[in-house]
Amino acid sequence: MIKKNRPGKFWNEVPALVFVGSLLILTPIFAYTTIDNIRRQERNTEILLGEKGAALIRSFEAGTRIGITSGPDEIRQLQKLLYETAQQPDIEYLLVADTSGTIIAHSNYSYTGVMLNLFSQNKKIDLGKIADSKSLFKQIIVSPEGKRTFLVFRKFSPTGLPQTGSIISFFNNPISKKGIINFTSPEKVILVALDMSSVDEMRKIYFRDAITTGVILLLTGISGIIFLFMVQGYRTTRISLKRIKVFSNTLVEHMPVGLIALDSFHNIVSLNQVAKMTLTIDQESEGKAAQDVLPSEMNERILHLGNEQDIMDKEITCTMPDGRSLPLEISAAVLRDQENGISGTICLFKDLSEEKALKHEVERSHRLASVGKLAAGVAHEVRNPLSSIKGFATYFKERYKDIPEDQQISDIMIQEVDRLNRVVGQLLEFARPITLSLRSIPLEPFMEKSLKLVERKAQEAHIKTEWSISSGIDSCLMDPDRISQVLLNLYINAIDAMEHGGTLTVTVSKPMEKCFLLLQIRDTGIGIEEQDLEHIFDPYFTTKSSGTGLGLAISHNIIEAHGGEINIESKPGQGTVISITIPYKKETDEQ
């Protein structure tokens, strides 16, 4: 499924605060840098124009020295030099003025004799002060039309000029009042006016380039900060995802319930070890279709999710490949994306086999407790009449010794009373709490002795007995009388189940790293029907015509009193295996 990027996804990944912060930090920096570059360029331009003006002044002064040292022809050459120098590119005009401000000479003849007014910051420049100094002065003036002109002026000092009484005639100057330039004044100022049009054009281009460069650098800086932020965010997210993945994988693998994740196409994406073990799923099941892996009962219910409901929670019974029924508690939910489309399904399930077995065991315990209370009361009430009946039967047997028929009847009455008394005794034993007398018992002689009790009965039934004890097992803490009672009862049941002979096998072992003994009794008899297995430890339940149904119930209570368990596995025609587990303790462990 291909998903389109939603609008604003980038802004969600990079907060607006990053942009604002970058602008606030970088804008002043780049603005200052740009303005400083522009100012530096203007200063460099002024320096270059100043040097150009100074060079022109020096060249003019040199030409003046050559032209004025002789007669009138050379003076005319000076005026010509002034005019021709002003014809160079970017030079607006050149002039020479005295300290009073009167223009003595001008590249434009019409301005000769006119007063020169120079102002700086609304104050008239003192030309006398400039004439007394050897420094170069610069100034920029702006015409009403906005045209800028760069002025360079300083003291006019053409070395070699006569200082007094010199007169230069300007025959080409009809506007001059006197028609002459008077050099009697020793102090003069020379001024060069440079056109800044080309400089201003270059200045505009530089300003535009500087602004463009500043904006590009600003955007580059912001992009760099955002990129670093995104890289850091990506790195942090990647580390977080790794930690989350490790945590989730560990959590999923160690969950006590099964977990299965499906994609939108109902294929298995992931499943934990509990799910594989519970459903006996192959290790290479990821990526396969759920219908090919999961039990049909579970798959059908998951398939219907999303149509009417997104969440399911119920108990089901699944049929496993080996034919057994597996009760499960399933909780499943549909996963939806931002567009409310189904992106997958997650299913949690729990094996209820042990829970149901425990529930059945609790119900059985409650039932046995009720039966025990009833049995105790009945046994107490029955025993007293039995004693009276046995006493009368004995009396009649002694009284009618000479009548064989009465003797036989009395013997039958006494036998039946004894049988009833034994049943009542078993009933009382089942009803009252089991008391144990624990002591350390050597297992090998104990097991050998227990089998000798049924050795004769087994030989008569053509049954072979075998037994073995694993090495390393010497003794165990138990009540020998009670355990002997349990074993004798189980041996007799096994022998009765092998009507046509067979083998009775008894083994004692201790599983590795386990703290209990495992005692197993196997027979090759007729087995037990499946529907009878769940009632096998119920009181008064028996499959034998002459049994009371209390033997296995009492054996069960004795093993539970030892802190162990007794289980029966059987199939009709294949024999029965009874497994007894008893905590493996020695006398020193109990102290």
# chains A, B, ... in the order shown; residues from 1 in each chain; ligands from 1
>>> residues_around(residues="A:Ala55", least_positions_apart="3", cutoff="12 Å", atoms="only C-alpha atoms", output="PDB file with N, CA and C atoms, in the first residue's frame")
ATOM      1  N   LEU A  48      39.929  55.265  -4.176  1.00  0.00           N
ATOM      2  CA  LEU A  48      40.371  55.220  -5.573  1.00  0.00           C
ATOM      3  C   LEU A  48      40.110  56.543  -6.287  1.00  0.00           C
ATOM      4  N   LEU A  49      38.910  57.136  -6.035  1.00  0.00           N
ATOM      5  CA  LEU A  49      38.612  58.422  -6.664  1.00  0.00           C
ATOM      6  C   LEU A  49      39.547  59.510  -6.136  1.00  0.00           C
ATOM      7  N   GLY A  50      39.813  59.414  -4.839  1.00  0.00           N
ATOM      8  CA  GLY A  50      40.742  60.396  -4.262  1.00  0.00           C
ATOM      9  C   GLY A  50      42.124  60.278  -4.864  1.00  0.00           C
ATOM     10  N   GLU A  51      42.605  59.062  -5.022  1.00  0.00           N
ATOM     11  CA  GLU A  51      43.918  58.858  -5.620  1.00  0.00           C
ATOM     12  C   GLU A  51      43.929  59.330  -7.074  1.00  0.00           C
ATOM     13  N   LYS A  52      42.804  59.076  -7.773  1.00  0.00           N
ATOM     14  CA  LYS A  52      42.719  59.539  -9.160  1.00  0.00           C
ATOM     15  C   LYS A  52      42.771  61.071  -9.231  1.00  0.00           C
ATOM     16  N   ARG A  58      48.421  66.401  -9.427  1.00  0.00           N
ATOM     17  CA  ARG A  58      49.881  66.393  -9.555  1.00  0.00           C
ATOM     18  C   ARG A  58      50.297  66.558 -11.013  1.00  0.00           C
ATOM     19  N   SER A  59      49.581  65.859 -11.912  1.00  0.00           N
ATOM     20  CA  SER A  59      49.944  65.994 -13.332  1.00  0.00           C
ATOM     21  C   SER A  59      49.669  67.412 -13.842  1.00  0.00           C
ATOM     22  N   PHE A  60      48.566  68.015 -13.343  1.00  0.00           N
ATOM     23  CA  PHE A  60      48.253  69.379 -13.760  1.00  0.00           C
ATOM     24  C   PHE A  60      49.305  70.349 -13.241  1.00  0.00           C
ATOM     25  N   GLU A  61      49.716  70.169 -11.973  1.00  0.00           N
ATOM     26  CA  GLU A  61      50.731  71.039 -11.391  1.00  0.00           C
ATOM     27  C   GLU A  61      52.053  70.902 -12.148  1.00  0.00           C
ATOM     28  N   ALA A  62      52.371  69.647 -12.564  1.00  0.00           N
ATOM     29  CA  ALA A  62      53.610  69.437 -13.316  1.00  0.00           C
ATOM     30  C   ALA A  62      53.541  70.148 -14.652  1.00  0.00           C
ATOM     31  N   THR A  85      42.733  68.668 -20.087  1.00  0.00           N
ATOM     32  CA  THR A  85      42.690  67.689 -18.975  1.00  0.00           C
ATOM     33  C   THR A  85      41.259  67.370 -18.595  1.00  0.00           C
ATOM     34  N   LEU A 136      45.113  66.531   1.360  1.00  0.00           N
ATOM     35  CA  LEU A 136      44.146  66.384   0.276  1.00  0.00           C
ATOM     36  C   LEU A 136      42.752  66.314   0.884  1.00  0.00           C
ATOM     37  N   VAL A 152      37.848  66.633  -5.344  1.00  0.00           N
ATOM     38  CA  VAL A 152      39.172  66.467  -4.743  1.00  0.00           C
ATOM     39  C   VAL A 152      39.883  67.814  -4.838  1.00  0.00           C
ATOM     40  N   PHE A 153      40.273  68.390  -3.704  1.00  0.00           N
ATOM     41  CA  PHE A 153      40.927  69.710  -3.752  1.00  0.00           C
ATOM     42  C   PHE A 153      41.958  69.800  -2.646  1.00  0.00           C
ATOM     43  N   VAL A 192      39.386  69.281  -8.452  1.00  0.00           N
ATOM     44  CA  VAL A 192      39.048  68.361  -9.535  1.00  0.00           C
ATOM     45  C   VAL A 192      37.680  67.767  -9.224  1.00  0.00           C
TER      46      VAL A 192
END
>>> residues_around(residues="A:Ala332", least_positions_apart="6", cutoff="12 Å", atoms="only C-alpha atoms", output="list in words")
Gly258, Leu259, Ile260, Ala261, Leu262, Met298, Asn299, Arg301, Ile302, Leu303, His304, Leu305, Gly306, Gln309, Asp310, Ile311, Met312, Asp313, Lys314, Glu315, Gly344, Thr345, Ile346, Cys347, Leu348, Phe349 and Lys350 of chain A
>>> atom_distance(atom1="atom CA of A:Tyr400", atom2="atom CA of A:Val423")
28.9 Å
>>> atom_distance(atom1="atom CA of A:Lys124", atom2="atom CA of A:Ser107")
23.1 Å
